[in-house]
Structures are given as structure tokens and as C-alpha cells.
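Printed here is my_file-v8.txt (compact mmCIF, C-alpha atoms):
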# COMPACT_ATOMS: atom_id res chain seq x y z
CA MET A 1 81.21 118.52 94.38
CA THR A 2 78.78 115.64 94.26
CA SER A 3 77.59 114.41 90.88
CA ASP A 4 74.09 113.05 90.41
CA ARG A 5 75.05 111.05 87.31
CA ARG A 6 73.52 107.59 87.25
CA LEU A 7 76.10 104.79 87.32
CA VAL A 8 75.20 101.44 85.74
CA LEU A 9 77.25 98.25 85.96
CA ALA A 10 76.67 96.06 82.89
CA SER A 11 77.95 92.90 84.57
CA ALA A 12 76.40 90.18 86.72
CA SER A 13 79.65 89.67 88.67
CA PRO A 14 79.13 90.00 92.43
CA ALA A 15 82.89 90.57 92.81
CA ARG A 16 82.74 93.66 90.56
CA LEU A 17 79.77 95.06 92.45
CA ALA A 18 81.54 94.46 95.78
CA LEU A 19 84.65 96.28 94.51
CA LEU A 20 82.59 99.30 93.50
CA HIS A 21 80.76 99.30 96.84
CA GLN A 22 84.08 99.14 98.73
CA ALA A 23 85.23 102.14 96.70
CA GLY A 24 82.15 104.10 97.75
CA LEU A 25 80.16 103.76 94.52
CA ALA A 26 76.61 102.43 94.29
CA PRO A 27 75.88 101.44 90.69
CA GLU A 28 72.67 99.88 89.50
CA VAL A 29 73.28 96.46 87.95
CA VAL A 30 71.81 95.87 84.49
CA VAL A 31 72.97 92.60 82.99
CA SER A 32 73.51 92.53 79.25
CA ASP A 33 72.40 89.64 77.06
CA VAL A 34 75.54 89.63 74.93
CA ASP A 35 76.32 86.15 73.60
CA GLU A 36 79.98 85.91 74.59
CA SER A 37 80.59 83.03 72.20
CA THR A 38 80.09 85.38 69.24
CA VAL A 39 83.05 87.58 70.24
CA ARG A 40 86.49 86.50 69.06
CA ALA A 41 89.71 88.51 68.71
CA PRO A 42 93.27 87.40 67.91
CA ARG A 43 94.71 88.50 71.27
CA VAL A 44 93.25 87.94 74.74
CA ALA A 45 93.58 91.64 75.64
CA GLU A 46 91.59 92.57 72.53
CA GLN A 47 88.95 89.98 73.31
CA VAL A 48 88.22 91.32 76.81
CA ALA A 49 88.12 94.86 75.36
CA LEU A 50 85.59 93.76 72.74
CA LEU A 51 83.46 91.89 75.28
CA ALA A 52 83.50 94.79 77.76
CA SER A 53 82.51 97.14 74.97
CA ALA A 54 79.74 94.86 73.69
CA LYS A 55 78.24 94.59 77.19
CA ALA A 56 78.36 98.37 77.75
CA ALA A 57 76.89 99.04 74.30
CA GLU A 58 74.02 96.63 74.81
CA VAL A 59 73.04 98.10 78.18
CA ALA A 60 73.62 101.70 77.00
CA LYS A 61 70.83 101.23 74.45
CA ARG A 62 68.33 100.81 77.30
CA GLU A 63 69.47 103.95 79.18
CA THR A 64 68.63 107.64 78.73
CA ASP A 65 71.19 109.34 80.97
CA ALA A 66 73.87 107.17 82.55
CA LEU A 67 77.51 106.22 82.80
CA VAL A 68 77.59 102.55 81.82
CA ILE A 69 80.49 100.31 82.88
CA GLY A 70 81.06 97.12 80.89
CA ALA A 71 83.74 94.66 81.95
CA ASP A 72 85.09 91.25 81.10
CA SER A 73 88.04 89.19 82.41
CA LEU A 74 90.03 86.28 81.00
CA LEU A 75 93.17 84.56 82.23
CA GLU A 76 95.85 84.17 79.58
CA PHE A 77 97.88 81.06 80.34
CA ARG A 78 100.54 79.96 77.88
CA GLY A 79 98.87 81.92 75.12
CA GLN A 80 95.39 80.48 75.69
CA PRO A 81 92.40 82.46 77.03
CA LEU A 82 90.78 80.78 80.02
CA GLY A 83 87.31 81.81 81.12
CA LYS A 84 85.13 79.99 83.64
CA PRO A 85 85.88 76.26 83.71
CA ALA A 86 83.11 74.01 82.39
CA ASP A 87 83.19 71.65 85.38
CA ALA A 88 85.27 70.45 88.34
CA ALA A 89 87.32 68.11 86.15
CA GLN A 90 88.38 70.99 83.89
CA ALA A 91 89.12 73.22 86.91
CA ARG A 92 91.28 70.44 88.40
CA GLU A 93 93.16 69.94 85.14
CA ARG A 94 93.79 73.70 84.85
CA TRP A 95 95.06 73.99 88.41
CA GLN A 96 97.40 71.07 87.84
CA ARG A 97 98.93 73.04 84.94
CA MET A 98 98.84 76.49 86.62
CA ALA A 99 100.34 75.36 89.97
CA GLY A 100 103.70 77.02 90.60
CA ARG A 101 103.41 79.05 87.40
CA SER A 102 102.09 82.45 86.37
CA GLY A 103 99.42 83.76 84.03
CA VAL A 104 98.15 87.16 82.95
CA LEU A 105 94.68 88.23 84.00
CA HIS A 106 93.25 90.67 81.46
CA THR A 107 90.28 92.84 82.38
CA GLY A 108 88.60 94.92 79.71
CA GLN A 109 86.72 97.98 80.94
CA ALA A 110 84.38 100.11 78.85
CA LEU A 111 82.82 103.36 80.04
CA PHE A 112 79.99 104.58 77.83
CA ASP A 113 78.46 107.98 78.53
CA VAL A 114 74.77 108.14 77.61
CA ARG A 115 72.96 111.48 77.45
CA ASP A 116 69.45 112.09 76.12
CA GLY A 117 69.35 108.50 74.93
CA ALA A 118 72.50 108.75 72.80
CA VAL A 119 75.99 107.42 73.48
CA VAL A 120 78.17 110.56 73.49
CA SER A 121 81.48 108.86 74.36
CA ARG A 122 83.01 105.41 74.50
CA ASP A 123 86.23 104.73 76.42
CA ILE A 124 87.76 101.26 76.41
CA ALA A 125 90.83 100.20 78.40
CA VAL A 126 92.48 96.92 79.37
CA ALA A 127 94.27 96.25 82.67
CA SER A 128 96.67 93.28 82.47
CA THR A 129 98.08 91.81 85.68
CA VAL A 130 100.59 89.01 86.17
CA VAL A 131 99.36 86.44 88.71
CA TYR A 132 101.66 83.87 90.35
CA PHE A 133 100.05 80.70 91.66
CA THR A 134 101.25 78.51 94.54
CA THR A 135 101.06 74.73 94.34
CA PRO A 136 98.07 73.52 96.36
CA THR A 137 98.42 70.05 97.79
CA ALA A 138 96.12 67.41 96.29
CA ALA A 139 93.93 67.61 99.41
CA GLU A 140 93.77 71.42 99.28
CA LEU A 141 92.87 71.35 95.59
CA GLU A 142 90.08 68.83 96.13
CA ALA A 143 88.73 70.87 99.05
CA TYR A 144 88.81 74.00 96.91
CA LEU A 145 87.09 72.35 93.94
CA ALA A 146 84.41 70.95 96.27
CA THR A 147 83.39 74.50 97.28
CA GLY A 148 82.37 75.26 93.70
CA GLU A 149 84.05 78.67 93.88
CA PRO A 150 86.59 78.08 91.09
CA LEU A 151 83.80 77.10 88.68
CA ALA A 152 82.25 80.56 88.87
CA VAL A 153 85.29 82.64 87.91
CA ALA A 154 87.63 83.30 84.98
CA GLY A 155 90.84 81.29 85.38
CA ALA A 156 89.33 79.10 88.14
CA PHE A 157 90.82 81.20 90.97
CA THR A 158 89.88 84.14 93.18
CA LEU A 159 91.90 86.79 94.94
CA ASP A 160 88.96 87.85 97.13
CA GLY A 161 87.73 84.48 98.32
CA LEU A 162 88.70 80.94 99.28
CA GLY A 163 91.36 80.84 96.55
CA ALA A 164 93.42 83.75 97.92
CA PRO A 165 95.95 81.52 99.78
CA PHE A 166 96.81 79.93 96.42
CA VAL A 167 97.87 83.22 94.77
CA ARG A 168 101.25 84.24 96.09
CA ARG A 169 102.00 87.37 94.08
CA VAL A 170 100.54 89.80 91.59
CA GLU A 171 102.22 92.45 89.48
CA GLY A 172 99.66 95.09 88.54
CA ASP A 173 96.34 96.26 89.92
CA PRO A 174 94.85 93.60 92.22
CA ALA A 175 91.34 95.07 91.77
CA ALA A 176 91.63 94.29 88.05
CA VAL A 177 92.29 90.65 89.00
CA VAL A 178 89.11 90.63 91.10
CA GLY A 179 87.24 92.12 88.16
CA LEU A 180 87.58 95.89 87.73
CA SER A 181 90.53 98.25 88.03
CA LEU A 182 89.45 101.23 90.09
CA THR A 183 92.42 103.32 88.92
CA VAL A 184 91.38 102.70 85.31
CA LEU A 185 87.79 103.65 86.15
CA ARG A 186 89.06 106.81 87.89
CA THR A 187 90.97 107.79 84.74
CA GLN A 188 88.00 107.05 82.49
CA LEU A 189 85.72 109.19 84.68
CA SER A 190 88.24 112.04 84.77
CA LYS A 191 88.17 112.15 80.94
CA ARG A 192 84.42 112.88 81.31
CA GLY A 193 85.21 115.72 83.72
CA LEU A 194 84.22 113.70 86.79
CA ALA A 195 86.26 112.90 89.90
CA ILE A 196 85.55 109.42 91.24
CA THR A 197 85.06 111.03 94.63
CA ASP A 198 82.14 113.05 93.18
CA LEU A 199 80.30 109.76 92.65
CA TRP A 200 80.68 108.55 96.24
CA ARG A 201 77.35 107.57 97.73
CA ARG A 202 78.53 107.11 101.32
CA MET B 1 89.96 66.51 107.11
CA THR B 2 88.52 69.26 109.28
CA SER B 3 90.58 70.51 112.19
CA ASP B 4 88.92 71.70 115.39
CA ARG B 5 91.91 73.83 116.41
CA ARG B 6 90.87 77.20 117.81
CA LEU B 7 92.11 80.15 115.71
CA VAL B 8 92.72 83.49 117.44
CA LEU B 9 93.50 86.79 115.72
CA ALA B 10 95.58 89.03 117.99
CA SER B 11 94.72 92.20 116.09
CA ALA B 12 91.92 94.76 116.25
CA SER B 13 92.10 95.41 112.49
CA PRO B 14 88.70 94.92 110.81
CA ALA B 15 90.52 94.56 107.46
CA ARG B 16 92.49 91.55 108.76
CA LEU B 17 89.34 89.90 110.11
CA ALA B 18 87.54 90.51 106.80
CA LEU B 19 90.44 88.92 104.87
CA LEU B 20 90.30 85.81 107.05
CA HIS B 21 86.51 85.60 106.70
CA GLN B 22 86.79 85.90 102.89
CA ALA B 23 89.28 83.03 102.97
CA GLY B 24 86.81 80.84 104.88
CA LEU B 25 88.36 81.18 108.35
CA ALA B 26 86.49 82.30 111.47
CA PRO B 27 89.01 83.36 114.10
CA GLU B 28 88.11 84.78 117.47
CA VAL B 29 89.54 88.27 117.94
CA VAL B 30 91.54 88.88 121.12
CA VAL B 31 93.23 92.28 121.10
CA SER B 32 96.64 92.49 122.78
CA ASP B 33 97.66 95.37 125.01
CA VAL B 34 101.18 95.63 123.62
CA ASP B 35 102.50 99.20 123.81
CA GLU B 36 103.73 99.62 120.24
CA SER B 37 105.89 102.61 121.16
CA THR B 38 108.19 100.31 123.15
CA VAL B 39 109.12 98.26 120.08
CA ARG B 40 111.97 99.57 117.92
CA ALA B 41 114.17 97.78 115.39
CA PRO B 42 116.75 99.10 112.92
CA ARG B 43 114.82 98.01 109.82
CA VAL B 44 111.11 98.37 109.10
CA ALA B 45 110.76 94.67 108.20
CA GLU B 46 112.28 93.73 111.56
CA GLN B 47 110.01 96.13 113.39
CA VAL B 48 106.79 94.64 111.99
CA ALA B 49 108.14 91.15 112.78
CA LEU B 50 108.83 92.17 116.38
CA LEU B 51 105.43 93.84 116.76
CA ALA B 52 103.57 90.87 115.26
CA SER B 53 105.46 88.55 117.57
CA ALA B 54 104.83 90.71 120.65
CA LYS B 55 101.09 90.78 119.94
CA ALA B 56 100.92 87.00 119.40
CA ALA B 57 102.99 86.34 122.54
CA GLU B 58 100.83 88.56 124.71
CA VAL B 59 97.57 86.95 123.58
CA ALA B 60 99.08 83.43 123.64
CA LYS B 61 99.61 83.81 127.41
CA ARG B 62 95.84 83.96 127.89
CA GLU B 63 95.11 80.85 125.78
CA THR B 64 95.22 77.14 126.64
CA ASP B 65 94.89 75.53 123.21
CA ALA B 66 94.95 77.79 120.16
CA LEU B 67 96.72 78.96 117.04
CA VAL B 68 97.36 82.65 117.64
CA ILE B 69 97.97 85.03 114.72
CA GLY B 70 99.75 88.31 115.47
CA ALA B 71 100.24 90.89 112.71
CA ASP B 72 101.50 94.40 112.19
CA SER B 73 101.93 96.57 109.08
CA LEU B 74 104.03 99.65 108.31
CA LEU B 75 104.66 101.50 105.07
CA GLU B 76 108.33 102.14 104.36
CA PHE B 77 108.66 105.34 102.35
CA ARG B 78 112.11 106.69 101.54
CA GLY B 79 113.58 104.69 104.41
CA GLN B 80 111.09 105.91 107.02
CA PRO B 81 108.41 103.70 108.66
CA LEU B 82 104.93 105.21 108.40
CA GLY B 83 102.15 103.94 110.65
CA LYS B 84 98.73 105.53 111.05
CA PRO B 85 98.88 109.32 110.52
CA ALA B 86 98.29 111.44 113.63
CA ASP B 87 95.72 113.71 111.98
CA ALA B 88 94.37 114.91 108.62
CA ALA B 89 97.18 117.44 108.23
CA GLN B 90 99.81 114.70 108.53
CA ALA B 91 97.86 112.43 106.15
CA ARG B 92 97.67 115.29 103.61
CA GLU B 93 101.39 116.00 103.91
CA ARG B 94 102.21 112.28 103.43
CA TRP B 95 99.99 111.96 100.38
CA GLN B 96 101.60 115.04 98.84
CA ARG B 97 104.95 113.26 99.15
CA MET B 98 103.72 109.76 98.17
CA ALA B 99 101.72 110.86 95.09
CA GLY B 100 103.16 109.38 91.89
CA ARG B 101 105.79 107.46 93.87
CA SER B 102 106.08 104.00 95.44
CA GLY B 103 106.61 102.62 98.92
CA VAL B 104 107.01 99.17 100.47
CA LEU B 105 104.25 97.87 102.71
CA HIS B 106 105.71 95.44 105.24
CA THR B 107 103.41 93.06 107.11
CA GLY B 108 104.81 90.98 109.95
CA GLN B 109 102.92 87.78 110.72
CA ALA B 110 103.47 85.59 113.75
CA LEU B 111 101.81 82.21 114.28
CA PHE B 112 102.11 80.89 117.83
CA ASP B 113 100.90 77.39 118.60
CA VAL B 114 99.61 77.03 122.16
CA ARG B 115 98.93 73.61 123.66
CA ASP B 116 98.11 72.83 127.29
CA GLY B 117 98.81 76.44 128.15
CA ALA B 118 102.35 76.45 126.72
CA VAL B 119 103.66 77.95 123.49
CA VAL B 120 105.05 74.96 121.60
CA SER B 121 106.08 76.82 118.41
CA ARG B 122 106.62 80.36 117.16
CA ASP B 123 106.79 81.15 113.45
CA ILE B 124 107.45 84.71 112.29
CA ALA B 125 107.46 85.90 108.68
CA VAL B 126 107.37 89.22 106.85
CA ALA B 127 105.60 89.90 103.53
CA SER B 128 106.93 93.00 101.76
CA THR B 129 104.97 94.45 98.84
CA VAL B 130 105.80 97.38 96.59
CA VAL B 131 102.86 99.79 96.26
CA TYR B 132 102.63 102.44 93.52
CA PHE B 133 100.45 105.47 94.20
CA THR B 134 98.62 107.63 91.68
CA THR B 135 98.46 111.40 92.07
CA PRO B 136 95.05 112.35 93.44
CA THR B 137 93.85 115.81 92.45
CA ALA B 138 93.65 118.34 95.29
CA ALA B 139 89.86 117.93 95.35
CA GLU B 140 90.11 114.11 95.44
CA LEU B 141 92.66 114.25 98.26
CA GLU B 142 90.50 116.57 100.35
CA ALA B 143 87.45 114.37 99.76
CA TYR B 144 89.45 111.30 100.79
CA LEU B 145 90.85 112.96 103.93
CA ALA B 146 87.35 114.11 104.90
CA THR B 147 86.15 110.48 105.06
CA GLY B 148 88.59 109.78 107.90
CA GLU B 149 89.58 106.47 106.29
CA PRO B 150 93.28 107.29 105.75
CA LEU B 151 93.66 108.19 109.44
CA ALA B 152 92.84 104.63 110.52
CA VAL B 153 95.45 102.78 108.48
CA ALA B 154 99.23 102.35 108.16
CA GLY B 155 100.55 104.53 105.35
CA ALA B 156 97.30 106.54 105.10
CA PHE B 157 95.91 104.45 102.23
CA THR B 158 93.75 101.37 101.67
CA LEU B 159 93.55 98.79 98.94
CA ASP B 160 90.18 97.49 100.12
CA GLY B 161 88.31 100.76 100.57
CA LEU B 162 87.84 104.30 99.34
CA GLY B 163 91.57 104.67 98.67
CA ALA B 164 91.76 101.83 96.11
CA PRO B 165 91.50 104.14 93.03
CA PHE B 166 94.66 105.89 94.24
CA VAL B 167 96.81 102.72 94.20
CA ARG B 168 97.66 101.89 90.62
CA ARG B 169 99.93 98.86 91.03
CA VAL B 170 101.32 96.42 93.57
CA GLU B 171 104.17 93.94 93.26
CA GLY B 172 103.68 91.19 95.82
CA ASP B 173 100.76 89.77 97.78
CA PRO B 174 97.86 92.26 97.80
CA ALA B 175 96.37 90.60 100.90
CA ALA B 176 99.56 91.52 102.78
CA VAL B 177 98.92 95.15 101.81
CA VAL B 178 95.42 94.93 103.25
CA GLY B 179 96.88 93.42 106.43
CA LEU B 180 97.65 89.71 106.25
CA SER B 181 99.20 87.51 103.58
CA LEU B 182 97.07 84.40 103.21
CA THR B 183 99.83 82.53 101.35
CA VAL B 184 102.19 83.22 104.26
CA LEU B 185 99.55 82.01 106.73
CA ARG B 186 99.00 78.89 104.63
CA THR B 187 102.74 78.13 104.76
CA GLN B 188 102.90 78.75 108.51
CA LEU B 189 99.94 76.41 109.10
CA SER B 190 101.45 73.72 106.88
CA LYS B 191 104.57 73.71 109.08
CA ARG B 192 102.21 72.76 111.95
CA GLY B 193 100.82 69.90 109.86
CA LEU B 194 97.61 71.76 109.01
CA ALA B 195 96.13 72.57 105.61
CA ILE B 196 94.42 75.97 105.57
CA THR B 197 91.43 74.21 104.00
CA ASP B 198 91.13 72.09 107.17
CA LEU B 199 90.34 75.27 109.11
CA TRP B 200 87.52 76.39 106.81
CA ARG B 201 84.35 77.11 108.75
CA ARG B 202 82.04 77.56 105.76
Write-out of the structure in C-alpha cells:
Amino acid sequence: MTSDRRLVLASASPARLALLHQAGLAPEVVVSDVDESTVRAPRVAEQVALLASAKAAEVAKRETDALVIGADSLLEFRGQPLGKPADAAQARERWQRMAGRSGVLHTGQALFDVRDGAVVSRDIAVASTVVYFTTPTAAELEAYLATGEPLAVAGAFTLDGLGAPFVRRVEGDPAAVVGLSLTVLRTQLSKRGLAITDLWRR
Amino acid sequence: MTSDRRLVLASASPARLALLHQAGLAPEVVVSDVDESTVRAPRVAEQVALLASAKAAEVAKRETDALVIGADSLLEFRGQPLGKPADAAQARERWQRMAGRSGVLHTGQALFDVRDGAVVSRDIAVASTVVYFTTPTAAELEAYLATGEPLAVAGAFTLDGLGAPFVRRVEGDPAAVVGLSLTVLRTQLSKRGLAITDLWRR
């Protein structure tokens, strides 16, 4: 039973869009203009939930009939939230601390249901995944930093790119580490009476 | 320090090739003609190791100077090895048993180093990852079976495709579940004196 509901991704992340495409979904991307620096919460899991919700809320205002997905990810390492590194020096310094250790990647996911221009439901969930890093050699780390990839992502690593050989283990949903848990999205959709398979566009 | 060693993937799996591409590698694909039905071992982990090795060995014979990667994956569920399902009915029956439970996805990986037409080293490793399945609704399962995707893969599920919403958790290397552990490959290459970053082609 195919649904014709409009799906909107309130995130500029190419990794999130690629995940949704792989899972058969074809959302439109509408990037929010939420100022992330204004959002602060005592715990990292709460902060990604707040940010995901703020992004979904901001984009939902512009829609008339849509399911709006907001998402945000941060790596919690030794109690500190790590977003995108400011520059290569900071990425290097982080990797030197993370090497051989583990962190928790938190992804907040908000699903806002907009009908007739009003938000009729808001569902917010957080997927937290333990990520174990290898120890790159100095040469490997310099090569990785030189690609620029770690500068574009929360925690300065990827699971779906050049950084994958430096992540040896995860405990949780690997899609949430990339940027969006598809099992969480499936549950959120089912609460709105929709099967994720009804939204397939291929 | 870029290496000009030739990398060969002895596997027809598009998922394995995509993983290597994402990680910056550009192997040539040479599919082996190993008859998988002739390979039997008492444990599933040993069987994927044997199959990976047989594929690498067969392709290595045709090469003069190359690093040859052989790989094979099987899902161990309640002690039984599950490869690709024979048809939709078998995939349905498996999913009805797997739903809400976990299995172990074993991926065998062989790296054969060929120089001057001779195999100078053989390294074989197995990455075993626990995979937890959700319980698809009957309608979701039928929609998934109708795509044909579960018929093409070991264990009748994917982590990198339409099946991702039905896998709620993994414990181990998610790339090994897709088909090839990049951390294992990195270790195997390092034993040959090569950094994986030296083989990047982008």
C-alpha cells in the first residue's frame, strides 16, 4: 500500500540522504537555518534530541503537508560532546586521544507530521551507539587528515568513507553512526500508521 | 607514500566492491569459478575462511603481480549456516524464524600476495558480528521479499539496502556484515608492509 506522503529531510548531510536513498526513500532536502550554537543541554543525548527537534520544527513551519525528519549527531568522548572539528590540527589532536579507545555516537531524530500547515505530531528519539577506534599510524592519520574528510563530520571519523578502516567495532545501529537510524525511523513512521515500505520510491 | 601494487577483488559481490570504493580503493574484479558446494567445514567460521581462501587461490593463479582479496559470508543462525535463500518462500520462512532474534554473520577474508607469478604469502582472517533483527510486519516482509533483494544475499538481509530498517543492532564491524571488514583488510595489508592509505586511488 503505497503512501503519497511527502518526506522532507531537514539536514544538509549527504550521508543522511545517501542512507535514506539506500533504504528506498527519496526525501526532498530542506536545510534549516537553526543556529546550533544557541542549543545547549546538560547531556549529549539531550542536546542531539533538542537540535534534531529544532531543525524539524524550523523546516515544518515552511511545509503544508509533509513528514519532516530532523537529525543531529555528536560524539561523546570522555563526557565531552564533539561535533565537527574546527581544523586539521584539532582533528589530529582528537584522533590522538581517541585512538585505541571508544566513544558514544548519539544521533537525535525528530519526525514531525505536518498536515494543513499545522504540526499534528512530534516524535523525538535518540540512538546511541558505542564506537571503538583503532590506532592509525602517524602516516595513516596524516593521509586521512589531508583528505579533509574528518573535518566535515561529527567526531572526525566516518563509517561510510575513508575512515572506515579506523573503526573496528560498533555496538548499536551502524546507520545511526552514519547519521540516521533506519530502525528508529521505521518505528516513528509506524506510530503515524505508516510502514516504511509504503514510502519506498523504487 | 603511494603504492602501485595491483589490487584484485576475487568476488562478484557489488556490496564488497562498493565498500572498497567508499574506502578509497579501486580494485579490479576477477570472479573465481570455485564450486562453493565442494567446500565444507565443521564450523561456520571455518567454512567462510576456506571459501575465501579458495576464491583468492583460484584468482591468484591467473595473476603475476597482485594483492588478491577473497571473501565469503554466511549467517550462522541457531548453529546452521545460511547462505543466499533459494527462493522467496525460503527467504520468508527464514525471516519468520529470525524476526526478533539474533544471528552471527561470519565473513572470511583472504589476502594473497602474488609476485612474479608465485603466491608469496597467504593471510586468512574471519570477522564475526552479532546481528539483531527486528520483527517486520507481514506487509513489510512481503514488500521486502517482492523486491528480490533478500534473495541475493547471505542470510536474506542487508545492512546497506532496503533491509536496513529491519536490523536494529550489530555488535562488531558493520562493514564485515555488508561483506568485507576494512579494519581486517588494513591489518592484513600492514603485515605486507603496506598502509591502506598507500592504496588510495582518490
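Separating CA of Arg40 (chain A) from CA of Asp113 (chain A) is a distance of 24.8 Å.
Across the structure, CA of Arg115 (chain B) and CA of Val59 (chain B) are spaced 13.4 Å apart.
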Could you please tell me, as a PDB file with C-alpha atoms, keeping the file's coordinate frame, which residues of chain B have an atom within 7 Å of chain A when using all atoms listed in the file?
ATOM      1  CA  GLN B  22      86.790  85.900 102.890  1.00  0.00           C
ATOM      2  CA  ALA B  23      89.280  83.030 102.970  1.00  0.00           C
ATOM      3  CA  GLY B  24      86.810  80.840 104.880  1.00  0.00           C
ATOM      4  CA  GLU B 140      90.110 114.110  95.440  1.00  0.00           C
ATOM      5  CA  ALA B 143      87.450 114.370  99.760  1.00  0.00           C
ATOM      6  CA  ASP B 160      90.180  97.490 100.120  1.00  0.00           C
ATOM      7  CA  GLY B 161      88.310 100.760 100.570  1.00  0.00           C
ATOM      8  CA  LEU B 162      87.840 104.300  99.340  1.00  0.00           C
ATOM      9  CA  ALA B 164      91.760 101.830  96.110  1.00  0.00           C
ATOM     10  CA  PRO B 165      91.500 104.140  93.030  1.00  0.00           C
ATOM     11  CA  PHE B 166      94.660 105.890  94.240  1.00  0.00           C
ATOM     12  CA  VAL B 167      96.810 102.720  94.200  1.00  0.00           C
ATOM     13  CA  ARG B 168      97.660 101.890  90.620  1.00  0.00           C
ATOM     14  CA  ARG B 169      99.930  98.860  91.030  1.00  0.00           C
ATOM     15  CA  VAL B 170     101.320  96.420  93.570  1.00  0.00           C
ATOM     16  CA  GLU B 171     104.170  93.940  93.260  1.00  0.00           C
ATOM     17  CA  GLY B 172     103.680  91.190  95.820  1.00  0.00           C
ATOM     18  CA  ASP B 173     100.760  89.770  97.780  1.00  0.00           C
ATOM     19  CA  PRO B 174      97.860  92.260  97.800  1.00  0.00           C
ATOM     20  CA  LEU B 182      97.070  84.400 103.210  1.00  0.00           C
ATOM     21  CA  THR B 183      99.830  82.530 101.350  1.00  0.00           C
ATOM     22  CA  ARG B 186      99.000  78.890 104.630  1.00  0.00           C
ATOM     23  CA  ALA B 195      96.130  72.570 105.610  1.00  0.00           C
ATOM     24  CA  THR B 197      91.430  74.210 104.000  1.00  0.00           C
TER      25      THR B 197
END
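With only C-alpha atoms as the basis for measurement, B:Thr135 is the residue among B:Thr135, B:Gln47, B:Ser3, B:Ser37 that approaches Trp95 (chain B) most closely.
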* **d(CA of Ala156 (chain A), CA of Thr2 (chain B)) in Å** => 23.3 Å
* To do: Find the residues around Ala41 (chain A) up to 12 Å (all atoms listed in the file counted), leave out those fewer than 5 positions away in its own chain, and share them as JSON, numbers by chain.
  => {"A": [36, 46, 47, 48, 49, 50, 51, 81]}
Okay, now the selection with C-alpha atoms, as an mmCIF file, in the coordinates of the input?
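The new file result26.cif reads:
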data_model
loop_
_atom_site.group_PDB
_atom_site.id
_atom_site.type_symbol
_atom_site.label_atom_id
_atom_site.label_comp_id
_atom_site.auth_asym_id
_atom_site.auth_seq_id
_atom_site.Cartn_x
_atom_site.Cartn_y
_atom_site.Cartn_z
ATOM 1 C CA GLU A 36 79.980 85.910 74.590
ATOM 2 C CA GLU A 46 91.590 92.570 72.530
ATOM 3 C CA GLN A 47 88.950 89.980 73.310
ATOM 4 C CA VAL A 48 88.220 91.320 76.810
ATOM 5 C CA ALA A 49 88.120 94.860 75.360
ATOM 6 C CA LEU A 50 85.590 93.760 72.740
ATOM 7 C CA LEU A 51 83.460 91.890 75.280
ATOM 8 C CA PRO A 81 92.400 82.460 77.030
#
* **Distance query Asp65 (chain B) at most 10 Å, all atoms listed in the file, self and fewer than 3 positions along chain excluded, as a list in words** => Arg5, Arg6, Leu7, Ala60, Arg62, Val68, Asp113, Val114, Arg115, Asp116, Gly117, Ala118 and Val119 of chain B
